[in-house]
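Novice: Next comes the structure file entry05.cif, holding mmCIF, C-alpha atoms.
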```cif
data_work
#
loop_
_atom_site.label_atom_id
_atom_site.label_comp_id
_atom_site.auth_asym_id
_atom_site.auth_seq_id
_atom_site.Cartn_x
_atom_site.Cartn_y
_atom_site.Cartn_z
CA MET A 630 173.22 5.42 115.67
CA SER A 631 176.52 6.80 114.40
CA ARG A 632 176.38 8.68 111.16
CA VAL A 633 178.11 7.12 108.18
CA THR A 634 180.28 9.55 106.25
CA TYR A 635 181.11 8.92 102.60
CA HIS A 636 183.36 10.98 100.40
CA ARG A 637 182.20 11.94 96.93
CA THR A 638 184.71 11.10 94.23
CA ARG A 639 184.60 10.32 90.57
CA GLN A 640 187.54 7.97 90.82
CA CYS A 641 186.69 4.26 90.81
CA ALA A 642 188.85 2.48 93.38
CA CYS A 643 188.58 -0.08 96.12
CA ALA A 644 186.33 1.23 98.87
CA PRO A 645 188.31 2.45 101.87
CA ALA A 646 187.44 1.66 105.46
CA LEU A 647 184.53 3.79 106.59
CA PRO A 648 185.30 6.23 109.40
CA GLY A 649 184.59 4.63 112.75
CA TYR A 650 184.10 1.15 111.30
CA PRO A 651 186.34 -1.87 110.71
CA GLN A 652 187.79 -2.73 107.33
CA GLN A 653 185.58 -3.90 104.50
CA VAL A 654 184.10 -7.37 104.82
CA PRO A 655 186.20 -9.56 102.49
CA SER A 656 184.63 -10.53 99.22
CA PHE A 657 182.80 -13.84 99.49
CA ASP A 658 181.78 -16.68 97.19
CA PHE A 659 178.03 -16.32 97.55
CA ALA A 660 177.09 -19.51 95.72
CA ASP A 661 179.68 -21.49 97.72
CA HIS A 662 178.23 -20.09 100.94
CA PHE A 663 174.82 -21.53 100.08
CA ARG A 664 175.89 -24.93 98.80
CA ARG A 665 174.45 -27.44 101.21
CA SER A 666 177.15 -30.11 101.04
CA PRO A 667 180.73 -30.51 99.75
CA ALA A 668 179.32 -32.80 97.04
CA ASP A 669 177.12 -30.00 95.70
CA ARG A 670 179.74 -28.31 93.54
CA GLY A 671 177.74 -27.57 90.40
CA PRO A 672 177.65 -24.26 88.54
CA ASP A 673 176.73 -21.14 90.48
CA LEU A 674 173.01 -21.06 91.00
CA MET A 675 172.61 -17.29 91.26
CA THR A 676 173.76 -14.24 89.36
CA ILE A 677 175.86 -12.02 91.62
CA ASP A 678 177.40 -8.68 90.71
CA GLY A 679 179.60 -6.13 92.38
CA THR A 680 176.71 -3.89 93.36
CA ASP A 681 174.98 -6.67 95.31
CA ARG A 682 178.27 -7.51 97.04
CA PHE A 683 178.91 -3.86 97.89
CA LEU A 684 175.44 -3.43 99.41
CA LEU A 685 175.76 -6.60 101.47
CA ASP A 686 179.24 -5.64 102.68
CA GLU A 687 178.11 -2.20 103.87
CA ALA A 688 174.70 -3.07 105.35
CA PRO A 689 176.03 -4.01 108.81
CA HIS A 690 178.16 -0.86 108.95
CA VAL A 691 175.41 1.63 108.17
CA HIS A 692 172.78 0.11 110.49
CA GLY A 693 173.91 -3.16 112.02
CA ASP A 694 171.44 -3.04 114.91
CA ALA A 695 168.51 -3.04 112.45
CA LEU A 696 169.79 -6.32 111.03
CA ARG A 697 169.55 -7.88 114.48
CA GLN A 698 165.89 -7.00 114.97
CA PRO A 699 163.20 -8.97 113.09
CA GLY A 700 161.11 -6.92 110.69
CA GLU A 701 163.32 -3.82 110.62
CA VAL A 702 164.90 -4.35 107.18
CA ALA A 703 163.42 -3.95 103.70
CA VAL A 704 164.88 -4.75 100.28
CA VAL A 705 163.71 -3.09 97.06
CA ASP A 706 164.05 -4.48 93.52
CA ASP A 707 166.32 -7.40 94.40
CA ARG A 708 166.78 -8.73 90.87
CA TYR A 709 167.70 -12.35 91.58
CA GLY A 710 167.26 -12.73 95.34
CA VAL A 711 170.93 -12.20 96.19
CA LEU A 712 170.34 -9.27 98.54
CA THR A 713 167.53 -10.92 100.47
CA LEU A 714 169.25 -14.29 100.85
CA GLY A 715 172.54 -12.59 101.65
CA LEU A 716 170.98 -10.59 104.48
CA LEU A 717 169.38 -13.75 105.85
CA SER A 718 172.44 -15.96 105.66
CA LEU A 719 175.40 -13.64 106.05
CA HIS A 720 173.98 -11.15 108.53
CA GLY A 721 171.27 -13.12 110.34
CA ALA A 722 168.41 -10.80 109.42
CA ASP A 723 164.84 -12.05 109.77
CA GLY A 724 161.41 -10.83 108.74
CA ILE A 725 162.80 -8.99 105.71
CA ARG A 726 160.16 -7.10 103.74
CA VAL A 727 160.84 -7.47 100.03
CA VAL A 728 159.47 -5.12 97.37
CA GLN A 729 160.06 -6.51 93.87
CA ASP A 730 158.39 -4.69 91.03
CA SER A 731 159.18 -7.46 88.53
CA LEU A 732 157.38 -10.77 88.78
CA THR A 733 160.39 -12.52 87.25
CA SER A 734 162.56 -11.20 90.10
CA GLU A 735 159.99 -12.34 92.64
CA ARG A 736 159.94 -15.80 91.10
CA ALA A 737 163.74 -15.90 91.06
CA LEU A 738 163.89 -15.15 94.77
CA GLY A 739 161.27 -17.81 95.50
CA ALA A 740 163.15 -20.40 93.47
CA ALA A 741 166.51 -19.55 95.06
CA ALA A 742 165.02 -19.58 98.56
CA GLY A 743 163.62 -23.03 97.89
CA THR A 744 166.93 -24.27 96.50
CA PHE A 745 168.87 -23.07 99.52
CA GLY A 746 166.16 -23.84 102.07
CA ARG A 747 165.86 -20.25 103.26
CA ARG A 748 162.89 -18.50 104.86
CA GLY A 749 162.46 -15.24 106.71
CA PHE A 750 161.05 -12.80 104.16
CA THR A 751 157.65 -11.57 103.02
CA HIS A 752 156.25 -9.63 100.05
CA PRO A 753 154.03 -6.83 101.42
CA ARG A 754 151.41 -5.68 98.95
CA SER A 755 151.68 -1.95 99.64
CA LEU A 756 154.63 0.39 100.12
CA GLU A 757 153.18 1.42 103.47
CA ASP A 758 153.25 -2.19 104.67
CA ALA A 759 156.75 -2.58 103.26
CA PHE A 760 158.31 0.41 105.00
CA ARG A 761 156.27 1.02 108.15
CA ASN A 762 158.82 1.45 110.98
CA VAL A 763 161.72 -0.18 109.11
CA ARG A 764 165.20 1.12 109.93
CA LEU A 765 167.29 -0.11 107.02
CA VAL A 766 166.33 -0.25 103.33
CA LEU A 767 168.56 -1.73 100.62
CA LEU A 768 167.73 -0.55 97.11
CA ARG A 769 169.11 -1.36 93.67
CA LEU A 770 168.94 2.02 91.95
CA PRO A 771 166.28 1.92 89.21
CA LYS A 772 166.64 3.25 85.70
CA SER A 773 163.69 5.58 86.31
CA ASN A 774 164.01 8.56 88.63
CA ASP A 775 160.22 8.47 89.01
CA ARG A 776 160.52 4.99 90.51
CA LEU A 777 163.25 6.25 92.84
CA ASP A 778 161.07 9.22 93.77
CA GLU A 779 158.08 7.05 94.69
CA ILE A 780 160.21 4.68 96.78
CA ALA A 781 162.11 7.49 98.52
CA ARG A 782 158.84 9.27 99.35
CA ALA A 783 157.40 6.11 100.81
CA VAL A 784 160.48 5.40 102.93
CA ALA A 785 160.58 8.97 104.24
CA ARG A 786 156.87 8.88 105.03
CA TRP A 787 156.52 5.52 106.75
CA ALA A 788 159.93 4.31 107.96
CA ALA A 789 161.42 4.90 111.40
CA PRO A 790 163.03 8.30 112.05
CA ASP A 791 166.52 6.76 112.12
CA VAL A 792 166.06 4.85 108.84
CA VAL A 793 169.00 4.55 106.45
CA LEU A 794 168.25 4.12 102.76
CA LEU A 795 171.27 2.37 101.22
CA CYS A 796 171.19 2.55 97.41
CA GLY A 797 173.56 0.80 95.03
CA GLY A 798 174.17 1.11 91.33
CA VAL A 799 176.64 0.67 88.49
CA ASN A 800 178.75 3.78 87.98
CA LYS A 801 177.98 4.26 84.30
CA HIS A 802 174.24 4.26 84.97
CA MET A 803 174.34 6.63 87.95
CA THR A 804 173.73 10.37 87.69
CA LEU A 805 173.73 13.32 90.07
CA SER A 806 169.98 13.60 89.48
CA GLN A 807 169.56 10.51 91.69
CA ASN A 808 171.19 12.43 94.55
CA ASP A 809 168.77 15.28 93.88
CA VAL A 810 165.77 12.97 94.10
CA LEU A 811 166.92 11.59 97.45
CA ARG A 812 167.54 15.09 98.82
CA ARG A 813 163.88 15.92 98.33
CA TYR A 814 163.08 13.61 101.23
CA PHE A 815 166.28 13.14 103.25
CA GLY A 816 168.38 15.72 105.03
CA ASP A 817 171.66 13.90 104.51
CA VAL A 818 172.62 12.21 101.23
CA THR A 819 176.21 11.09 100.64
CA ALA A 820 178.01 8.99 98.05
CA SER A 821 180.62 6.30 98.55
CA ARG A 822 183.83 6.02 96.64
CA GLY A 823 183.64 3.60 93.77
CA ARG A 824 184.38 -0.05 94.30
CA GLY A 825 184.99 -1.92 91.10
CA LYS A 826 182.25 -0.64 88.81
CA SER A 827 179.76 0.21 91.57
CA ARG A 828 178.95 3.02 93.94
CA LEU A 829 176.54 3.53 96.85
CA LEU A 830 174.31 6.42 97.90
CA VAL A 831 173.37 6.69 101.59
CA ALA A 832 170.27 8.69 102.55
CA GLN A 833 169.53 9.53 106.20
CA ASP A 834 167.42 11.91 108.29
CA PRO A 835 163.99 11.77 106.59
CA LEU A 836 162.59 15.27 106.56
CA ALA A 837 160.23 15.60 109.51
CA ALA A 838 158.98 19.19 109.36
CA ALA A 839 155.23 19.53 108.93
CA ALA A 840 155.57 21.14 105.50
CA ALA A 841 157.97 18.45 104.34
CA ARG A 842 155.70 15.70 105.63
CA ALA A 843 152.81 17.18 103.66
CA ALA A 844 154.94 17.16 100.51
CA VAL A 845 155.92 13.54 101.07
CA THR A 846 152.27 12.42 100.86
CA ALA A 847 152.01 13.49 97.20
CA PRO A 848 151.92 13.00 94.22
CA TRP A 849 151.94 9.23 93.56
CA PRO A 850 150.24 7.91 91.59
CA ARG A 851 150.13 10.77 89.11
CA ARG A 852 146.90 11.57 87.28
CA VAL A 853 146.85 13.41 83.96
CA HIS A 854 143.82 14.08 81.77
CA LEU A 855 144.71 13.54 78.13
CA ASP A 856 142.49 15.77 75.99
CA GLU A 857 143.56 13.96 72.83
CA LEU A 858 141.74 10.82 73.99
CA GLY A 859 139.42 12.29 76.58
CA MET A 860 141.06 9.87 79.03
CA THR A 861 142.57 10.17 82.49
CA ILE A 862 145.88 8.31 82.77
CA VAL A 863 147.04 7.20 86.22
CA ALA A 864 150.68 6.18 86.61
CA HIS A 865 152.98 5.00 89.38
CA GLY A 866 156.67 5.82 89.36
CA GLY A 867 158.67 3.93 86.77
CA VAL A 868 155.82 2.65 84.63
CA PHE A 869 156.49 2.85 80.89
CA ALA A 870 155.51 6.25 79.42
CA GLY A 871 154.40 7.51 82.84
CA ALA A 872 151.17 9.50 82.75
CA SER A 873 151.50 10.21 79.03
CA LEU A 874 150.67 8.73 75.64
CA ASP A 875 153.62 6.85 74.15
CA LEU A 876 154.26 7.63 70.48
CA GLY A 877 154.11 4.00 69.41
CA THR A 878 150.89 3.47 71.35
CA ARG A 879 149.36 6.45 69.53
CA VAL A 880 150.10 4.83 66.18
CA LEU A 881 148.54 1.55 67.31
CA LEU A 882 145.44 3.30 68.63
CA GLU A 883 144.93 5.04 65.29
CA ALA A 884 144.79 1.66 63.53
CA MET A 885 143.08 -0.35 66.26
CA ASP A 886 139.46 -0.02 65.10
CA ASP A 887 140.16 -2.47 62.28
CA ALA A 888 141.59 -5.09 64.62
CA VAL A 889 139.19 -8.09 64.63
CA PRO A 890 135.97 -6.05 65.08
CA SER A 891 134.06 -9.18 66.09
CA ALA A 892 136.41 -10.04 68.98
CA ARG A 893 134.66 -10.79 72.26
CA THR A 894 137.84 -11.12 74.36
CA ALA A 895 141.08 -9.24 73.85
CA VAL A 896 144.42 -9.34 75.63
CA ASP A 897 146.78 -6.42 76.11
CA LEU A 898 150.28 -7.85 76.56
CA GLY A 899 152.48 -5.45 78.48
CA SER A 900 149.76 -3.02 79.55
CA GLY A 901 152.01 -0.35 81.12
CA ASN A 902 149.85 2.61 82.15
CA GLY A 903 146.74 0.94 80.72
CA VAL A 904 146.05 3.23 77.77
CA ILE A 905 145.62 0.46 75.15
CA ALA A 906 143.42 -1.78 77.30
CA VAL A 907 141.26 1.06 78.54
CA GLU A 908 140.84 2.72 75.13
CA LEU A 909 139.84 -0.60 73.58
CA ALA A 910 137.23 -1.12 76.30
CA ARG A 911 135.91 2.42 75.80
CA ARG A 912 135.58 2.02 72.03
CA ARG A 913 133.96 -1.43 72.21
CA PRO A 914 131.34 -1.61 74.98
CA ALA A 915 130.73 -5.34 74.43
CA ILE A 916 134.35 -6.50 74.63
CA ARG A 917 136.14 -7.99 77.65
CA VAL A 918 139.82 -7.06 78.00
CA ILE A 919 142.53 -8.90 79.91
CA ALA A 920 145.46 -6.57 80.60
CA THR A 921 148.69 -8.14 81.75
CA ASP A 922 152.13 -6.91 82.73
CA VAL A 923 155.15 -8.30 84.55
CA THR A 924 155.52 -5.35 86.95
CA SER A 925 153.46 -4.32 89.94
CA THR A 926 153.74 -0.65 88.97
CA ALA A 927 152.12 -1.38 85.59
CA VAL A 928 149.40 -3.59 87.09
CA ASP A 929 148.54 -0.91 89.64
CA SER A 930 148.65 1.83 86.99
CA THR A 931 146.45 -0.08 84.55
CA THR A 932 143.97 -0.88 87.31
CA ALA A 933 143.78 2.77 88.38
CA THR A 934 143.46 4.01 84.77
CA ALA A 935 140.60 1.57 84.14
CA GLU A 936 138.84 2.75 87.30
CA ALA A 937 139.37 6.42 86.44
CA ASN A 938 137.71 5.93 83.06
CA GLY A 939 134.75 3.80 84.13
CA VAL A 940 135.72 0.50 82.49
CA ALA A 941 137.10 -1.44 85.45
CA ASP A 942 134.19 -3.90 85.19
CA ARG A 943 135.42 -4.99 81.73
CA VAL A 944 139.21 -4.73 82.14
CA ARG A 945 140.73 -7.56 84.16
CA VAL A 946 144.34 -6.85 85.15
CA LEU A 947 146.85 -9.65 85.78
CA ARG A 948 150.48 -9.64 86.86
CA SER A 949 152.16 -12.26 84.70
CA ASP A 950 155.30 -12.69 82.63
CA ALA A 951 154.40 -11.88 79.02
CA GLY A 952 150.91 -13.30 79.54
CA ASP A 953 152.16 -16.73 80.63
CA GLU A 954 149.19 -17.29 82.96
CA ILE A 955 146.42 -16.64 80.44
CA ASP A 956 144.44 -19.67 79.21
CA SER A 957 145.16 -21.14 75.79
CA GLY A 958 142.68 -20.24 73.08
CA SER A 959 140.92 -17.72 75.31
CA ALA A 960 140.98 -14.64 73.04
CA GLN A 961 140.32 -13.57 69.49
CA LEU A 962 142.54 -10.48 69.62
CA ALA A 963 145.85 -9.61 71.25
CA LEU A 964 147.45 -6.16 71.27
CA CYS A 965 151.07 -5.44 72.06
CA ASN A 966 153.52 -2.56 72.26
CA PRO A 967 156.50 -4.65 73.38
CA PRO A 968 159.51 -3.27 75.25
CA PHE A 969 162.96 -3.56 73.77
CA HIS A 970 164.92 -2.68 76.91
CA GLU A 971 165.54 -4.80 80.00
CA GLY A 972 166.50 -2.13 82.51
CA THR A 973 169.48 -0.41 80.87
CA THR A 974 170.13 -3.24 78.39
CA VAL A 975 168.71 -3.43 74.87
CA SER A 976 166.92 -6.78 74.54
CA THR A 977 164.19 -8.33 72.40
CA ASP A 978 163.64 -11.28 74.74
CA ALA A 979 160.48 -9.83 76.31
CA ALA A 980 158.96 -9.11 72.90
CA GLU A 981 159.62 -12.63 71.63
CA ALA A 982 158.11 -14.10 74.80
CA MET A 983 154.98 -12.01 74.20
CA PHE A 984 154.77 -13.22 70.60
CA ARG A 985 155.10 -16.88 71.64
CA ASN A 986 152.47 -16.55 74.34
CA ALA A 987 150.13 -14.64 72.02
CA ALA A 988 150.21 -17.60 69.64
CA THR A 989 148.99 -19.81 72.48
CA ILE A 990 146.44 -17.38 73.90
CA LEU A 991 144.75 -16.70 70.55
CA GLN A 992 142.18 -18.96 69.01
CA ALA A 993 142.95 -20.23 65.50
CA GLY A 994 142.40 -17.30 63.15
CA GLY A 995 142.73 -14.75 65.95
CA GLU A 996 145.12 -11.87 65.42
CA LEU A 997 148.03 -10.25 67.22
CA TRP A 998 148.24 -6.54 66.45
CA CYS A 999 151.67 -5.22 67.35
CA VAL A 1000 153.42 -1.87 67.10
CA TRP A 1001 157.20 -1.80 67.03
CA ASN A 1002 160.14 0.42 66.17
CA SER A 1003 160.72 -0.28 62.49
CA HIS A 1004 164.47 -0.82 62.86
CA LEU A 1005 163.79 -3.93 64.99
CA ARG A 1006 162.49 -5.87 61.95
CA TYR A 1007 160.11 -8.08 63.92
CA ARG A 1008 158.08 -9.27 60.95
CA PRO A 1009 160.06 -12.49 60.31
CA VAL A 1010 159.91 -13.28 64.04
CA LEU A 1011 156.15 -12.75 64.08
CA GLU A 1012 155.75 -14.95 61.01
CA ARG A 1013 157.69 -17.73 62.72
CA LEU A 1014 156.18 -17.51 66.19
CA VAL A 1015 152.57 -16.51 65.48
CA GLY A 1016 151.62 -16.89 61.84
CA PRO A 1017 151.11 -15.03 58.55
CA THR A 1018 151.84 -11.35 59.15
CA ARG A 1019 150.79 -8.29 57.18
CA GLN A 1020 151.81 -4.67 57.53
CA VAL A 1021 148.92 -2.43 58.57
CA VAL A 1022 150.63 0.94 59.04
CA ARG A 1023 154.17 2.21 58.67
CA THR A 1024 155.33 5.66 59.77
CA ALA A 1025 158.80 7.17 59.76
CA LYS A 1026 159.53 5.40 63.06
CA PHE A 1027 156.89 2.76 63.79
CA THR A 1028 155.33 -0.26 62.11
CA VAL A 1029 151.98 -1.84 62.99
CA THR A 1030 151.51 -5.45 61.95
CA ALA A 1031 148.69 -7.98 62.24
CA SER A 1032 149.64 -11.66 62.64
CA VAL A 1033 147.07 -14.43 62.19
CA ALA A 1034 147.41 -17.25 64.71
CA ARG A 1035 147.77 -20.69 63.19
CA GLY A 1036 146.05 -22.36 66.15
#
```
Now that the file is in, can you turn its structure into structure tokens?

Specialist:
Amino acid sequence: MSRVTYHRTRQCACAPALPGYPQQVPSFDFADHFRRSPADRGPDLMTIDGTDRFLLDEAPHVHGDALRQPGEVAVVDDRYGVLTLGLLSLHGADGIRVVQDSLTSERALGAAAGTFGRRGFTHPRSLEDAFRNVRLVLLRLPKSNDRLDEIARAVARWAAPDVVLLCGGVNKHMTLSQNDVLRRYFGDVTASRGRGKSRLLVAQDPLAAAAARAAVTAPWPRRVHLDELGMTIVAHGGVFAGASLDLGTRVLLEAMDDAVPSARTAVDLGSGNGVIAVELARRRPAIRVIATDVTSTAVDSTTATAEANGVADRVRVLRSDAGDEIDSGSAQLALCNPPFHEGTTVSTDAAEAMFRNAATILQAGGELWCVWNSHLRYRPVLERLVGPTRQVVRTAKFTVTASVARG
């Protein structure tokens, strides 16, 4: 395979032709490509951005022969299914292995594939299954360098020796530290020139020396013993708070003993690394806890934290979107430290979805105990979506509230 050479630049311009390759593939109307008949001219059915287009344009140039062989391509964190469906339809790939941390992204891909009648991809459960012997990996750069580290380690460890890891991101969210992460595991890391608002990183030559291979096998997931709680936290790359105790979670834990002491079943909405669910199970030996999160990294982290602390028999972990798969009226207590970022965007949508679902999950008179950054002013929202809400604790930064479900 010929090596792809990119030139580092801070100037954002149209991408030039790559050395040794033809000119850029012209920009395409992705939604128009997938419309099944001239009569189907409704609004675009998928969200497409410049980074997705850039990745799809360059994929055949960096490793075109991998696209022609079934099962040799993987896609990571395809937000809406554009990358996967584009590889299938534009480049003829087949047997694509798709790793999507977010359940909402996985559902979006499934829905789009059904709409356009596309097949040819799978969702491997483990990173080993996802990357074993693949030769081309397309990755949307994550916000978390820990997530990038875990993915890059896995690709370097299990992929074919001639693998190319093609990473794309929006310029304003990219940093040189991402290059540094990739260089831990790949001998050659180069950056493209900017195209529009996007840029690519190309990682090749996974380090093959014995010492490097040994390093690649560690350290995910990370395990940290927290003396403050006497708890071992286990965290995969990118999970909220990592292997540490989030400040808001600490405030909620300090107040949690007063949260519906008679509760037999509790739900942790947005479990992250599992600290809230596991600590509740440790403090209340008779309670059953359902921990739920939308990401695979959080589900795996919560599961491992529960196992590390001897409460896995009483902590059931589910991957769902804001608890949308939990039965109505199935709990007397819900706990929540909701996110207020969606990737790099500030958003309260996830929190409001958790509040709405908590109102359904709780029995009448059950309570949602929630910790939130005080500037977000969630109390009126909780009153509207769940029920009467009282302030339990307020610190300089955080507020803990208890909302009584109307039923």

Novice: Determine the residue membership of the PyMOL selection byres ((chain A and resi 861) around 8) for the file above and supply it as a PyMOL selection string.

Specialist: chain A and resi 852-855+859-860+862-863+934+937-938

Novice: Taking only C-alpha atoms into account, which of A:Gly899, A:Gly743, A:Pro790, A:Pro914 comes nearest Ala951 in chain A?

Specialist: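 Looking at the shortest contact to Ala951 in chain A, the residue is A:Gly899.
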
Novice: In Å, with one decimal, what is the gap from CA of Ala933 in chain A to CA of Ala872 in chain A?

Specialist: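 Atom-to-atom, CA of Ala933 in chain A to CA of Ala872 in chain A, that is 11.5 Å.
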
Novice: Care to translate the PyMOL selection byres ((chain A and resi 1005-1020) around 9) into actual residues of this file, as a PyMOL selection string?

Specialist: chain A and resi 969+977+981+984-989+996-997+1001-1004+1021-1023+1028-1036

Novice: From the options A:Leu882, A:Ala941, A:Leu829, A:Val928, which residue's atoms come nearest to Ala864 in chain A, counting all atoms listed in the file?

Specialist: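 Of all the options, A:Val928 lies closest to Ala864 in chain A.
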
Novice: Please determine, counting all atoms listed in the file, which residue among A:Thr1024, A:Arg813, A:Pro771, A:His752 has the shortest atom-to-atom distance to Glu883 in chain A.

Specialist: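 Once distances to Glu883 in chain A are computed over all atoms listed in the file, the minimum belongs to A:Thr1024.
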
Novice: Excluding range 681-687 of chain A and its own-chain neighbours fewer than 2 positions away, which residues fall within 9 Å of it when counting all atoms listed in the file? Please give them as an MDAnalysis selection string.

Specialist: chainID A and resid 653:657 659 677:679 689:692 707 711:712 715:716 719:720 767:769 795:798 824 827:829

Novice: Could you turn the residues from that selection into a file that holds C-alpha atoms, as a PDB file, in the frame of the given file?

Specialist:
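For reference, selection.pdb as written:
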```pdb
ATOM      1  CA  GLN A 653     185.580  -3.900 104.500  1.00  0.00           C
ATOM      2  CA  VAL A 654     184.100  -7.370 104.820  1.00  0.00           C
ATOM      3  CA  PRO A 655     186.200  -9.560 102.490  1.00  0.00           C
ATOM      4  CA  SER A 656     184.630 -10.530  99.220  1.00  0.00           C
ATOM      5  CA  PHE A 657     182.800 -13.840  99.490  1.00  0.00           C
ATOM      6  CA  PHE A 659     178.030 -16.320  97.550  1.00  0.00           C
ATOM      7  CA  ILE A 677     175.860 -12.020  91.620  1.00  0.00           C
ATOM      8  CA  ASP A 678     177.400  -8.680  90.710  1.00  0.00           C
ATOM      9  CA  GLY A 679     179.600  -6.130  92.380  1.00  0.00           C
ATOM     10  CA  PRO A 689     176.030  -4.010 108.810  1.00  0.00           C
ATOM     11  CA  HIS A 690     178.160  -0.860 108.950  1.00  0.00           C
ATOM     12  CA  VAL A 691     175.410   1.630 108.170  1.00  0.00           C
ATOM     13  CA  HIS A 692     172.780   0.110 110.490  1.00  0.00           C
ATOM     14  CA  ASP A 707     166.320  -7.400  94.400  1.00  0.00           C
ATOM     15  CA  VAL A 711     170.930 -12.200  96.190  1.00  0.00           C
ATOM     16  CA  LEU A 712     170.340  -9.270  98.540  1.00  0.00           C
ATOM     17  CA  GLY A 715     172.540 -12.590 101.650  1.00  0.00           C
ATOM     18  CA  LEU A 716     170.980 -10.590 104.480  1.00  0.00           C
ATOM     19  CA  LEU A 719     175.400 -13.640 106.050  1.00  0.00           C
ATOM     20  CA  HIS A 720     173.980 -11.150 108.530  1.00  0.00           C
ATOM     21  CA  LEU A 767     168.560  -1.730 100.620  1.00  0.00           C
ATOM     22  CA  LEU A 768     167.730  -0.550  97.110  1.00  0.00           C
ATOM     23  CA  ARG A 769     169.110  -1.360  93.670  1.00  0.00           C
ATOM     24  CA  LEU A 795     171.270   2.370 101.220  1.00  0.00           C
ATOM     25  CA  CYS A 796     171.190   2.550  97.410  1.00  0.00           C
ATOM     26  CA  GLY A 797     173.560   0.800  95.030  1.00  0.00           C
ATOM     27  CA  GLY A 798     174.170   1.110  91.330  1.00  0.00           C
ATOM     28  CA  ARG A 824     184.380  -0.050  94.300  1.00  0.00           C
ATOM     29  CA  SER A 827     179.760   0.210  91.570  1.00  0.00           C
ATOM     30  CA  ARG A 828     178.950   3.020  93.940  1.00  0.00           C
ATOM     31  CA  LEU A 829     176.540   3.530  96.850  1.00  0.00           C
TER      32      LEU A 829
END
```

Novice: Which one of A:Thr804, A:Thr926, A:Ser900, A:Ser734 sits closest to Ile780 in chain A if you count only C-alpha atoms?

Specialist: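 Using only C-alpha atoms, the shortest distance to Ile780 in chain A belongs to A:Thr926.
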
Novice: Return the single residue from A:Ala789, A:Leu874, A:Val868, A:Val1000 that is closest to Ala927 in chain A, with distances computed using all atoms listed in the file.

Specialist: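 Going through A:Ala789, A:Leu874, A:Val868, A:Val1000 one by one, the smallest distance to Ala927 in chain A is for A:Val868.
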